[in-house]
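Here is protein13.cif, consisting of mmCIF, C-alpha atoms:
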data_query
#
loop_
_atom_site.label_atom_id
_atom_site.label_comp_id
_atom_site.auth_asym_id
_atom_site.auth_seq_id
_atom_site.Cartn_x
_atom_site.Cartn_y
_atom_site.Cartn_z
CA MET A 4 -25.12 2.40 29.85
CA LYS A 5 -25.30 5.57 27.79
CA LYS A 6 -21.62 6.19 28.46
CA GLY A 7 -20.77 2.71 27.20
CA ILE A 8 -22.74 3.24 24.00
CA LEU A 9 -20.97 6.57 23.48
CA VAL A 10 -17.56 4.90 23.82
CA ILE A 11 -18.52 2.22 21.30
CA LEU A 12 -19.77 4.80 18.82
CA THR A 13 -16.58 6.79 19.23
CA VAL A 14 -14.48 3.70 18.51
CA PHE A 15 -16.46 3.02 15.33
CA LEU A 16 -16.14 6.62 14.20
CA VAL A 17 -12.37 6.60 14.75
CA ALA A 18 -12.05 3.29 12.92
CA GLY A 19 -14.15 4.64 10.07
CA PHE A 20 -11.96 7.73 9.77
CA THR A 21 -8.83 5.58 9.74
CA MET A 22 -10.18 3.54 6.83
CA ALA A 23 -11.29 6.66 4.97
CA ALA A 24 -7.82 8.21 5.44
CA LEU A 25 -6.06 5.48 3.46
CA LEU A 26 -4.95 6.76 0.04
CA LYS A 27 -3.82 4.39 -2.70
CA ILE A 28 -1.64 6.37 -5.09
CA GLY A 29 -0.20 4.99 -8.32
CA ALA A 30 3.22 6.35 -9.29
CA THR A 31 6.18 5.70 -11.51
CA PRO A 32 9.35 4.95 -9.48
CA ARG A 33 11.51 8.06 -9.99
CA PRO A 34 10.96 10.68 -8.78
CA HIS A 35 7.24 10.25 -8.10
CA ALA A 36 7.33 7.25 -5.74
CA GLU A 37 10.40 8.72 -4.06
CA ILE A 38 8.57 11.97 -3.34
CA LEU A 39 5.60 10.06 -1.95
CA GLU A 40 7.93 8.00 0.27
CA LEU A 41 9.36 11.26 1.58
CA ILE A 42 5.98 12.58 2.69
CA LYS A 43 4.60 9.27 4.05
CA PRO A 44 5.71 9.89 7.65
CA LEU A 45 4.50 13.49 7.45
CA ALA A 46 1.14 12.23 6.24
CA GLN A 47 0.94 9.64 9.02
CA ALA A 48 1.42 12.41 11.57
CA LYS A 49 -1.71 14.03 10.13
CA GLY A 50 -3.72 10.79 10.22
CA LEU A 51 -3.27 10.00 6.52
CA GLU A 52 -1.92 6.62 5.40
CA ILE A 53 -0.40 6.55 1.90
CA LYS A 54 -0.04 3.28 0.01
CA ILE A 55 2.18 3.60 -3.06
CA ILE A 56 1.51 1.33 -6.03
CA GLU A 57 4.26 1.50 -8.64
CA PHE A 58 3.68 1.45 -12.40
CA THR A 59 6.21 1.46 -15.23
CA ASP A 60 3.99 2.71 -18.03
CA TYR A 61 1.86 5.75 -18.88
CA VAL A 62 -1.44 3.97 -19.59
CA GLN A 63 -2.44 1.74 -16.69
CA PRO A 64 -2.27 4.40 -13.89
CA ASN A 65 -5.07 6.46 -15.44
CA LEU A 66 -7.21 3.43 -16.22
CA ALA A 67 -6.76 2.13 -12.67
CA LEU A 68 -7.68 5.54 -11.27
CA SER A 69 -10.80 5.80 -13.38
CA GLU A 70 -11.90 2.29 -12.40
CA GLY A 71 -11.51 3.04 -8.69
CA GLU A 72 -8.47 0.85 -8.07
CA LEU A 73 -6.52 3.96 -7.07
CA ASP A 74 -7.48 7.14 -5.24
CA ALA A 75 -4.93 9.22 -7.16
CA ASN A 76 -1.92 8.88 -9.42
CA PHE A 77 1.31 10.81 -9.81
CA PHE A 78 3.30 10.33 -13.01
CA GLN A 79 2.14 12.68 -15.76
CA HIS A 80 1.78 16.28 -16.86
CA LYS A 81 -1.56 17.98 -17.51
CA PRO A 82 -1.41 18.00 -21.34
CA TYR A 83 -1.01 14.21 -21.23
CA LEU A 84 -3.85 13.81 -18.72
CA ASP A 85 -6.16 16.04 -20.76
CA LYS A 86 -5.45 14.18 -24.02
CA PHE A 87 -5.71 10.75 -22.41
CA SER A 88 -8.96 11.62 -20.64
CA GLN A 89 -10.45 13.04 -23.84
CA ASP A 90 -9.50 10.00 -25.92
CA ARG A 91 -10.71 7.48 -23.32
CA LYS A 92 -13.68 9.54 -22.13
CA LEU A 93 -12.45 9.56 -18.51
CA ASP A 94 -13.50 12.12 -15.92
CA LEU A 95 -10.12 12.85 -14.33
CA SER A 96 -8.68 16.17 -13.15
CA SER A 97 -5.42 17.66 -11.98
CA LEU A 98 -5.23 18.14 -8.22
CA VAL A 99 -1.88 19.91 -7.89
CA ALA A 100 1.30 20.59 -9.90
CA VAL A 101 4.37 19.34 -8.04
CA HIS A 102 7.48 19.45 -10.21
CA VAL A 103 8.88 19.85 -13.70
CA GLU A 104 10.98 17.13 -15.28
CA PRO A 105 12.75 18.89 -18.15
CA MET A 106 12.78 16.52 -21.13
CA GLY A 107 16.21 15.96 -22.65
CA ALA A 108 17.89 14.59 -25.76
CA TYR A 109 20.55 11.92 -25.20
CA SER A 110 23.06 10.05 -27.31
CA LYS A 111 25.76 7.41 -26.90
CA LYS A 112 27.11 8.06 -30.38
CA VAL A 113 27.65 11.81 -30.58
CA ASN A 114 28.78 14.42 -28.08
CA SER A 115 26.95 17.31 -29.72
CA LEU A 116 23.82 17.77 -31.79
CA LYS A 117 26.06 19.31 -34.46
CA ASP A 118 27.67 15.89 -34.95
CA LEU A 119 24.44 14.19 -36.00
CA LYS A 120 24.74 12.79 -39.52
CA LYS A 121 22.10 13.03 -42.20
CA GLY A 122 19.57 10.25 -41.84
CA ALA A 123 20.30 9.82 -38.13
CA GLN A 124 17.88 7.60 -36.19
CA VAL A 125 16.02 9.61 -33.55
CA GLY A 126 13.81 8.00 -30.92
CA ILE A 127 10.84 9.86 -29.43
CA PRO A 128 7.95 8.76 -27.16
CA ASN A 129 5.04 7.22 -29.05
CA ASP A 130 2.26 8.96 -27.10
CA PRO A 131 0.93 12.18 -28.67
CA THR A 132 1.75 14.64 -25.88
CA ASN A 133 5.28 13.47 -25.07
CA GLY A 134 6.04 12.80 -28.73
CA GLY A 135 4.92 16.33 -29.57
CA ARG A 136 6.91 17.69 -26.68
CA ALA A 137 10.01 15.90 -28.00
CA LEU A 138 9.54 17.37 -31.48
CA LEU A 139 9.19 20.87 -30.03
CA LEU A 140 12.46 20.38 -28.13
CA LEU A 141 14.20 19.33 -31.35
CA GLN A 142 12.71 22.38 -33.06
CA THR A 143 14.16 24.57 -30.30
CA ALA A 144 17.55 23.03 -31.09
CA GLY A 145 17.14 23.97 -34.75
CA LEU A 146 17.07 20.38 -36.01
CA ILE A 147 13.54 20.46 -37.43
CA GLU A 148 10.59 22.78 -37.90
CA VAL A 149 6.99 21.80 -37.29
CA ASN A 150 3.74 23.26 -38.58
CA LYS A 151 2.82 26.26 -36.43
CA ASN A 152 -0.82 25.16 -36.40
CA SER A 153 -0.02 21.85 -34.70
CA GLY A 154 0.02 23.42 -31.22
CA ILE A 155 1.76 21.57 -28.38
CA THR A 156 1.12 18.11 -29.80
CA PRO A 157 2.75 18.02 -33.24
CA SER A 158 3.35 14.62 -34.78
CA VAL A 159 6.06 13.54 -37.22
CA MET A 160 3.50 14.25 -39.95
CA ASP A 161 3.62 17.93 -38.93
CA ILE A 162 7.34 18.29 -39.63
CA VAL A 163 7.70 20.85 -42.43
CA LYS A 164 11.49 21.18 -42.43
CA ASN A 165 13.96 18.38 -41.77
CA PRO A 166 17.29 19.48 -43.27
CA HIS A 167 19.19 16.55 -41.77
CA ASN A 168 16.63 14.03 -43.02
CA LEU A 169 16.29 12.63 -39.51
CA LYS A 170 14.51 9.28 -39.28
CA PHE A 171 12.07 9.15 -36.38
CA ARG A 172 11.29 6.01 -34.41
CA GLU A 173 8.31 6.27 -32.07
CA LEU A 174 8.76 3.96 -29.08
CA GLU A 175 7.21 3.42 -25.67
CA ALA A 176 8.64 6.13 -23.41
CA ALA A 177 9.96 3.56 -20.93
CA MET A 178 11.86 1.75 -23.71
CA LEU A 179 13.86 4.74 -24.92
CA PRO A 180 16.77 4.51 -22.43
CA ARG A 181 17.21 0.81 -23.25
CA SER A 182 17.04 1.55 -26.98
CA LEU A 183 19.61 4.35 -26.82
CA GLN A 184 22.44 2.14 -28.04
CA ASP A 185 20.50 1.40 -31.22
CA LEU A 186 19.68 5.05 -31.90
CA ASP A 187 21.75 8.10 -32.77
CA LEU A 188 19.62 10.28 -30.50
CA ALA A 189 16.67 9.79 -28.18
CA VAL A 190 14.42 12.33 -26.48
CA ILE A 191 13.64 10.90 -23.05
CA ASN A 192 11.39 11.87 -20.15
CA THR A 193 13.49 12.64 -17.08
CA ASN A 194 11.96 9.94 -14.88
CA TYR A 195 12.89 7.25 -17.39
CA ALA A 196 16.30 8.83 -17.97
CA LEU A 197 17.01 8.61 -14.24
CA GLU A 198 15.82 5.01 -14.09
CA GLY A 199 18.14 4.26 -17.02
CA GLY A 200 21.18 5.56 -15.13
CA LEU A 201 21.41 8.84 -17.03
CA VAL A 202 22.15 12.14 -15.28
CA PRO A 203 20.09 14.77 -17.12
CA THR A 204 22.16 17.81 -16.15
CA LYS A 205 25.33 15.97 -17.22
CA ASP A 206 24.31 13.63 -20.04
CA ALA A 207 21.60 15.53 -21.93
CA LEU A 208 22.79 17.29 -25.08
CA ILE A 209 19.83 19.67 -24.76
CA MET A 210 17.13 20.07 -22.11
CA GLU A 211 13.92 22.00 -21.69
CA GLY A 212 14.17 25.03 -19.47
CA SER A 213 12.54 25.28 -16.04
CA GLU A 214 9.78 27.35 -17.65
CA SER A 215 8.40 24.22 -19.30
CA PRO A 216 4.58 24.06 -19.15
CA TYR A 217 4.72 20.32 -18.58
CA ALA A 218 4.62 20.26 -14.79
CA ASN A 219 3.99 16.82 -13.29
CA ILE A 220 0.69 16.63 -11.45
CA VAL A 221 -1.32 14.49 -9.10
CA ALA A 222 -4.48 13.32 -10.88
CA VAL A 223 -7.74 12.31 -9.19
CA ARG A 224 -11.30 11.55 -10.22
CA THR A 225 -13.05 14.88 -10.78
CA LYS A 226 -15.80 14.04 -8.30
CA ASP A 227 -13.17 13.56 -5.57
CA LEU A 228 -11.37 16.90 -5.92
CA LYS A 229 -12.71 18.24 -2.62
CA ARG A 230 -11.92 15.21 -0.46
CA LEU A 231 -10.35 16.21 2.86
CA GLU A 232 -7.49 13.74 2.38
CA PHE A 233 -6.46 15.52 -0.81
CA LYS A 234 -6.23 18.84 0.97
CA ILE A 235 -3.63 17.28 3.27
CA LEU A 236 -1.86 15.65 0.31
CA VAL A 237 -1.59 18.98 -1.53
CA GLU A 238 -0.21 20.66 1.57
CA LEU A 239 2.51 18.05 1.93
CA LEU A 240 3.45 17.82 -1.76
CA THR A 241 3.95 21.59 -1.94
CA SER A 242 5.91 21.80 1.31
CA GLN A 243 9.42 23.11 1.86
CA GLU A 244 10.49 19.53 2.65
CA VAL A 245 9.65 18.44 -0.90
CA LYS A 246 11.32 21.49 -2.46
CA ASP A 247 14.50 20.89 -0.44
CA PHE A 248 14.47 17.20 -1.38
CA LEU A 249 14.22 17.97 -5.10
CA GLU A 250 17.06 20.49 -4.94
CA LYS A 251 19.34 18.18 -2.98
CA GLU A 252 18.52 14.88 -4.69
CA TYR A 253 18.29 15.98 -8.32
CA GLN A 254 20.39 19.17 -8.46
CA GLY A 255 18.50 20.81 -11.29
CA SER A 256 17.37 17.69 -13.17
CA ILE A 257 13.97 18.08 -11.54
CA VAL A 258 12.65 21.40 -10.24
CA ALA A 259 9.70 22.32 -8.03
CA ALA A 260 6.62 23.74 -9.77
CA PHE A 261 5.39 25.59 -6.68
#

For the structure just supplied, provide its representation as structure tokens.
Amino acid sequence: MKKGILVILTVFLVAGFTMAALLKIGATPRPHAEILELIKPLAQAKGLEIKIIEFTDYVQPNLALSEGELDANFFQHKPYLDKFSQDRKLDLSSLVAVHVEPMGAYSKKVNSLKDLKKGAQVGIPNDPTNGGRALLLLQTAGLIEVNKNSGITPSVMDIVKNPHNLKFRELEAAMLPRSLQDLDLAVINTNYALEGGLVPTKDALIMEGSESPYANIVAVRTKDLKRLEFKILVELLTSQEVKDFLEKEYQGSIVAAF
């Protein structure tokens, strides 16, 4: 009788662990969801089931995570997470940095930044962190200069020198590849560039270097940072398999941050 009860308890414990080992992770399609697909079988071998829920914007994944609809998300860099969490009063934290997606400037109208005409229309992301990041990239190229006191999130209001009188259009990051034909230049996040059929190492007129501080991270609720499942997730996302995949699949357009 006691043996039978022990067996039943064991079954319930195993079932409970299986349920607890299911992770729902929100991700944008490229490369985030692709990386998660790569590690899914590796996770299964360690008793961890990963369910990927795809998003195509930069707002809903953090809201869904905060509200408990997701266990984690994978789409953003830490400056964006910190700003978003501060503005929305969310208690989210970075779990691990996985890769860097060097932001690039693209055009279908000119082959060089030197060919930009005065008054050219330039598209940048409309969120503060990526918009600021875009302006800093344009400053690196010598096209503008921003106020030194604006830190890593300058806005168009912080531009102090604009010799080409560039006209800035702030658009949803996901819309920039589709709006490229209506712009003279657009600064686009690599994931959206890839989804738009652009090849960053070939098509970008200028790109951030691999030393960019904007590494893409996995975000979780702060109270969950020490969950056992996340320890396994970190191990897999910083594995040699992921590094090899990034090198082979993206050939420099996306680089490992570990």

Handout entry: Residues in the PyMOL selection byres ((chain A and resi 87) around 12), expressed as a ChimeraX atom specification
Key = /A:61-66,69,79-86,88-96,130-133,222

Handout entry: Point-to-point distance in Å for CA of Arg172 (chain A) and CA of Gly126 (chain A)
Key =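 Spanning CA of Gly126 (chain A) to CA of Arg172 (chain A) is a straight-line distance of 4.7 Å.
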
Running the PyMOL selection byres ((chain A and resi 144) around 12) on this model by hand, what would come out? Give it as a tab-separated table (two decimals) with C-alpha atoms, in the coordinates of the input.
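Dumped to selection38.tsv:
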chain	number	residue	atom	x	y	z
A	107	GLY	CA	16.21	15.96	-22.65
A	108	ALA	CA	17.89	14.59	-25.76
A	115	SER	CA	26.95	17.31	-29.72
A	116	LEU	CA	23.82	17.77	-31.79
A	117	LYS	CA	26.06	19.31	-34.46
A	137	ALA	CA	10.01	15.90	-28.00
A	138	LEU	CA	9.54	17.37	-31.48
A	139	LEU	CA	9.19	20.87	-30.03
A	140	LEU	CA	12.46	20.38	-28.13
A	141	LEU	CA	14.20	19.33	-31.35
A	142	GLN	CA	12.71	22.38	-33.06
A	143	THR	CA	14.16	24.57	-30.30
A	145	GLY	CA	17.14	23.97	-34.75
A	146	LEU	CA	17.07	20.38	-36.01
A	147	ILE	CA	13.54	20.46	-37.43
A	148	GLU	CA	10.59	22.78	-37.90
A	208	LEU	CA	22.79	17.29	-25.08
A	209	ILE	CA	19.83	19.67	-24.76
A	210	MET	CA	17.13	20.07	-22.11
A	211	GLU	CA	13.92	22.00	-21.69

Practice task
List the residues matched by the PyMOL selection byres ((chain A and resi 233) around 10) in the displayed structure as a PyMOL selection string, ordered by chain and then by residue number.
Solution key: chain A and resi 24+26+51+74-75+98-99+221+223+227-232+234-239

Problem - Shell around Gly199 (chain A) at 10 Å using all atoms listed in the file, local window under 6 positions removed, as an NGL selection string - result: :A and (177-181 or 183 or 193)

The selected residues should be written to file as a PDB file, in the frame of the given file (atoms: C-alpha atoms).
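Okay, this is what ended up in again38.pdb:
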ATOM      1  CA  ALA A 177       9.960   3.560 -20.930  1.00  0.00           C
ATOM      2  CA  MET A 178      11.860   1.750 -23.710  1.00  0.00           C
ATOM      3  CA  LEU A 179      13.860   4.740 -24.920  1.00  0.00           C
ATOM      4  CA  PRO A 180      16.770   4.510 -22.430  1.00  0.00           C
ATOM      5  CA  ARG A 181      17.210   0.810 -23.250  1.00  0.00           C
ATOM      6  CA  LEU A 183      19.610   4.350 -26.820  1.00  0.00           C
ATOM      7  CA  THR A 193      13.490  12.640 -17.080  1.00  0.00           C
TER       8      THR A 193
END

Exercise for the section: Please measure the separation of CA of Tyr109 (chain A) and CA of Pro34 (chain A), giving the value in Å to one decimal. Expected result: 19.1 Å

Handout entry: From A:Pro44, A:Pro105, A:Gly71, A:Pro157, residue lying nearest Asn194 (chain A) [all atoms listed in the file]
Key =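 Checking each candidate against Asn194 (chain A), we get A:Pro105 as the closest.
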
Exercise for the section: Return the single residue from A:Ile191, A:Met160, A:Leu186, A:Val245 that is closest to Pro203 (chain A), with distances computed using only C-alpha atoms. Expected result: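 For Pro203 (chain A), the nearest of the given residues is A:Ile191.
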
Exercise for the section: Work out how far CA of Glu40 (chain A) is from CA of Asp206 (chain A), in Å to one decimal. Expected result: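 Separating CA of Asp206 (chain A) from CA of Glu40 (chain A) is a distance of 26.7 Å.
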